[in-house]
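Data block below; observations after.
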Amino acid sequence: MRTPSRLRRRWSAGLVAIGLVACAAEPTVDARRAAPITTTPWIHGVADGATPTDPPIEVRSFGPDTFVLRQSKSVHFEAPFLFLLCGGSRALLLDTGATRDAAKFPLRATVDRLLEERRVARGDDAAPPLIVAHTHAHGDHVAGDRQFQDRPNTTIVGRRAPEVAAFFEFVEWPRDIVTFDLGERELTLLGIPGHEDASIALFDERTGWLLTGDTVYPGRLYVRDWPAFKASIHRLARFARTHDVSWVVGTHVEMSTTPGVDFPMGATYQPNEHPLELAPAVLDELEAALDDAGDTPTRIVRASFIVEPINR
Ligand SMILES: [Zn+2]
Ligand SMILES: [Zn+2]
């Protein structure tokens with residue numbers, strides 16, 4: 001039972017703590033932006049034969065308006081990452097995961113819950129309109145679209161390059177750099193075909209994250225169109241050199257913490273995963289490696305990525 005003197009001590013301790021916080025240097029905006037995304041391991045599946053213990057979706061929040069979601073490897077080996085970015089006037093869900101079935105992969109319910117909790121915390125009358133867009137059109141990034149088809153106040157952006165270009169108002173795809181405002185939160189988009197025709201990258205000024213989908217991530221970078229991929233990486237690297245990018249953030253992890261060593265394709269258990277986020281210098285490294293390879297599609301192994309040309 002609390003005595004009054006105990007309460008007083010707790011109160012005065014609280015005041016001391018407040019004083020310390022007030023005296024300590026506030027972290028700069030840059031320091032907050034540079035904070036790592038992967039501070040502890042993400043869900044990464046379970047060993048063969050073990051009972052799945054991961055939730056179908058892991059959610060991490062980065063402030064009140066930014067959510068990173070990871071699909072469980074026990075639901076689908078691709079285990080993609082998804083992003084929910086909220087602004088003052090609308091929210092963007094980037095990718096819908098690898099599984100259509102809401103019973104196995106309750107993405108819509110998860111997004112609805114996050115937006116409702118945010119609405120209550122903000123005291124808003126209504127949750128913001130939701131835009132559902134995609135880093136690219138591959139099945140492991142669009143399969144959950146169907147869960148949103150009948151959702152009120154929701155726009156699902158088409159998957160093909162002309163539809164993506166039209167929605168985000170590219171005039172000259174993919175070379176334009178366009179902006180998309182969520183309300184006091186501006187996103188900058190680049191068309192980056194090469195892995196897939198409709199691939200885009202998004203730069204979020206709030207976090208400094210450059211979201212690169214399957215084009216750049218700590219894993220196997222499958223290149224279908226070599227010249228287009230090279231051109232896209234040149235433009236991405238140039239963009240990162242001229243903007244305040246904190247991290248390059250893709251949509252899978254396939255590298256281990258051992259440099260240059262990836263997990264087997266289709267792995268459903270990935271202990272000791274490489275962090276999701278990559279330092280922006282990875283784009284310079286990738287750009288230089290592609291330049292060295294020239295016009296010949298070439299497999300390239302580096303510490304945090306592997307370039308894998310397909311249809312060679
Ligand atoms: Zn892909
Ligand atoms: Zn993918």
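Ligands are numbered from 1 in the order shown, residues from 1 within each chain, and chains are lettered A, B, ... in the order they appear in the structure tokens.
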What's the 6 Å shell around segment 242-247 of chain A, counting only C-alpha atoms, without same-chain residues fewer than 2 positions away, as a list in words?
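Non-adjacent residues within range: Ala34, Gly208, Trp209, Phe239, Ala240, Val249, Glu277, Leu278, Ala279 and Pro280 of chain A.
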List every residue of chain A that has an atom at most 12 Å from any atom of ligand 1, giving for each one its closest atom pair and the distance in Å to one decimal, counting only C-alpha atoms and all ligand atoms, sorted by chain and then by ascending residue number, as CSV.
residue,atom,partner,partner_atom_place_in_ligand_line,distance
A:Glu78,CA,ligand 1,1 (Zn),9.9
A:Pro80,CA,ligand 1,1 (Zn),9.8
A:Phe81,CA,ligand 1,1 (Zn),11.9
A:Asp95,CA,ligand 1,1 (Zn),11.1
A:Gly97,CA,ligand 1,1 (Zn),11.2
A:Ala98,CA,ligand 1,1 (Zn),10.7
A:His134,CA,ligand 1,1 (Zn),10.5
A:Thr135,CA,ligand 1,1 (Zn),8.5
A:His136,CA,ligand 1,1 (Zn),6.6
A:Ala137,CA,ligand 1,1 (Zn),7.2
A:His138,CA,ligand 1,1 (Zn),4.9
A:Gly139,CA,ligand 1,1 (Zn),7.7
A:Asp140,CA,ligand 1,1 (Zn),7.2
A:His141,CA,ligand 1,1 (Zn),7.4
A:Val142,CA,ligand 1,1 (Zn),10.1
A:Pro193,CA,ligand 1,1 (Zn),10.9
A:Gly194,CA,ligand 1,1 (Zn),10.1
A:His195,CA,ligand 1,1 (Zn),6.5
A:Glu196,CA,ligand 1,1 (Zn),6.6
A:Asp197,CA,ligand 1,1 (Zn),10.1
A:Ala198,CA,ligand 1,1 (Zn),10.1
A:Ser199,CA,ligand 1,1 (Zn),8.5
A:Ile200,CA,ligand 1,1 (Zn),11.3
A:Thr212,CA,ligand 1,1 (Zn),10.7
A:Gly213,CA,ligand 1,1 (Zn),7.5
A:Asp214,CA,ligand 1,1 (Zn),5.0
A:Thr215,CA,ligand 1,1 (Zn),7.6
A:Val216,CA,ligand 1,1 (Zn),10.4
A:Tyr217,CA,ligand 1,1 (Zn),10.9
A:Gly219,CA,ligand 1,1 (Zn),11.6
A:Arg220,CA,ligand 1,1 (Zn),10.2
A:Leu221,CA,ligand 1,1 (Zn),8.7
A:Tyr222,CA,ligand 1,1 (Zn),7.6
A:Val223,CA,ligand 1,1 (Zn),9.4
A:Arg224,CA,ligand 1,1 (Zn),10.0
A:Gly250,CA,ligand 1,1 (Zn),10.5
A:Thr251,CA,ligand 1,1 (Zn),8.8
A:His252,CA,ligand 1,1 (Zn),9.4
Arg113 of chain A surroundings by only C-alpha atoms, 12 Å radius, close-in-sequence under 5 positions cut, as a PyMOL selection string
chain A and resi 59+67+84+106-108+118-120+127
Suppose you want the space between atom CA of Leu190 of chain A and atom CA of Phe203 of chain A; what is it in Å?
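Atom CA of Leu190 of chain A sits 8.5 Å away from atom CA of Phe203 of chain A.
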If you run DSSP over the backbone, which residues in segment 63-230 of chain A end up alpha helix (DSSP H)? Put them as a ChimeraX atom specification.
/A:107-122,139-142,161-167,226-230
Could you name the residues that touch segment 150-159 of chain A at 6 Å or less, counting only C-alpha atoms, but leaving out those on the same chain fewer than 4 positions away, as a list in words?
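Once the adjacent positions are removed, what remains is Pro129, Leu130, Ile131, Val132, Ala133, Ala137 and Glu163 of chain A.
With only C-alpha atoms and all ligand atoms as the atoms that count, the residue of A:Arg100, A:Arg241, A:Arg146, A:His76 with the shortest distance to ligand 2 is A:His76.
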Judged by only C-alpha atoms, the minimum distance to Ala237 of chain A among A:Glu186, A:Glu273, A:Asp65, A:Glu285 is found for A:Glu285
Identify, with DSSP run on backbone atoms, the residues in segment 80-216 of chain A assigned to strand (DSSP E or B), and express the list as a PyMOL selection string.
chain A and resi 81-86+91-94+130-133+154-156+177-181+186-191+200-204+209-213
Just C-alpha atoms for this one: save the residues we selected as a short mmCIF file (atom, residue, chain, number, x, y, z; two decimals), in the first residue's frame.
data_model
loop_
_atom_site.label_atom_id
_atom_site.label_comp_id
_atom_site.auth_asym_id
_atom_site.auth_seq_id
_atom_site.Cartn_x
_atom_site.Cartn_y
_atom_site.Cartn_z
CA PHE A 81 7.60 -5.46 -45.47
CA LEU A 82 4.77 -2.96 -45.97
CA PHE A 83 4.50 0.70 -45.03
CA LEU A 84 1.62 2.81 -43.73
CA LEU A 85 2.44 6.52 -43.89
CA CYS A 86 -0.07 9.04 -42.58
CA ALA A 91 -2.79 7.98 -45.56
CA LEU A 92 -0.79 5.80 -47.92
CA LEU A 93 -0.49 2.03 -47.64
CA LEU A 94 2.49 0.96 -49.71
CA LEU A 130 -6.58 5.77 -47.72
CA ILE A 131 -4.51 5.38 -50.86
CA VAL A 132 -3.30 1.83 -51.54
CA ALA A 133 -0.27 1.90 -53.83
CA THR A 154 -10.15 4.08 -50.30
CA THR A 155 -8.38 4.36 -53.66
CA ILE A 156 -6.38 1.43 -54.99
CA ILE A 177 10.51 13.18 -60.18
CA VAL A 178 7.05 13.95 -58.79
CA THR A 179 5.64 14.80 -55.38
CA PHE A 180 2.62 13.45 -53.56
CA ASP A 181 1.42 15.30 -50.49
CA GLU A 186 5.47 15.33 -48.81
CA LEU A 187 6.52 12.20 -50.62
CA THR A 188 8.79 12.35 -53.65
CA LEU A 189 8.45 9.58 -56.22
CA LEU A 190 10.80 8.25 -58.87
CA GLY A 191 10.02 5.66 -61.50
CA ILE A 200 8.75 3.16 -57.99
CA ALA A 201 10.82 4.58 -55.16
CA LEU A 202 9.36 6.96 -52.59
CA PHE A 203 11.27 9.43 -50.48
CA ASP A 204 9.51 10.44 -47.27
CA TRP A 209 13.50 7.02 -45.68
CA LEU A 210 13.97 6.22 -49.34
CA LEU A 211 11.62 3.30 -49.95
CA THR A 212 12.99 1.21 -52.79
CA GLY A 213 10.80 -1.91 -52.94
#
Could you name the residues that touch Ser232 of chain A at 8 Å or less, counting only C-alpha atoms, but leaving out those on the same chain fewer than 2 positions away, as a count of residues only?
10
Nearest residue to ligand 2 out of A:Ala47, A:Ala35, A:Val253, A:Ala231, using only C-alpha atoms and all ligand atoms?
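Checking each of A:Ala47, A:Ala35, A:Val253, A:Ala231 against ligand 2, counting only C-alpha atoms and all ligand atoms, the winner is A:Val253.
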Surrounding residues of Thr53 of chain A excluding itself and chain neighbours under 6 positions, 10 Å, only C-alpha atoms, as a CSV table (one decimal) with N, CA and C atoms, in the first residue's frame:
chain,number,residue,atom,x,y,z
A,43,ILE,N,10.1,-10.4,-36.8
A,43,ILE,CA,9.7,-11.8,-36.9
A,43,ILE,C,10.4,-12.4,-38.1
A,45,GLY,N,10.2,-16.2,-38.9
A,45,GLY,CA,9.8,-17.6,-39.1
A,45,GLY,C,10.3,-18.5,-38.0
A,46,VAL,N,10.0,-19.8,-38.2
A,46,VAL,CA,10.4,-20.8,-37.2
A,46,VAL,C,11.1,-21.9,-37.9
A,72,SER,N,4.5,-12.5,-41.8
A,72,SER,CA,5.1,-13.6,-41.2
A,72,SER,C,5.6,-14.6,-42.3
A,74,SER,N,5.8,-17.6,-41.7
A,74,SER,CA,4.9,-18.8,-41.5
A,74,SER,C,3.6,-18.6,-42.4
What is the distance between atom CA of Ile37 of chain A and atom CA of His274 of chain A, in Å to one decimal?
11.7 Å
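Nearest to ligand 2 of all the residues A:Pro52, A:Pro218, A:Gly183, A:Gly294 is A:Pro218, counting only C-alpha atoms and all ligand atoms.
Atom CA of Ala109 of chain A sits 20.7 Å away from atom CA of Gly123 of chain A.
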Which of A:Ala79, A:Ile233, A:Val171, A:Ala165 sits closest to ligand 2 [using only C-alpha atoms and all ligand atoms]:
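Among the listed residues, A:Ala79 lies closest to ligand 2.
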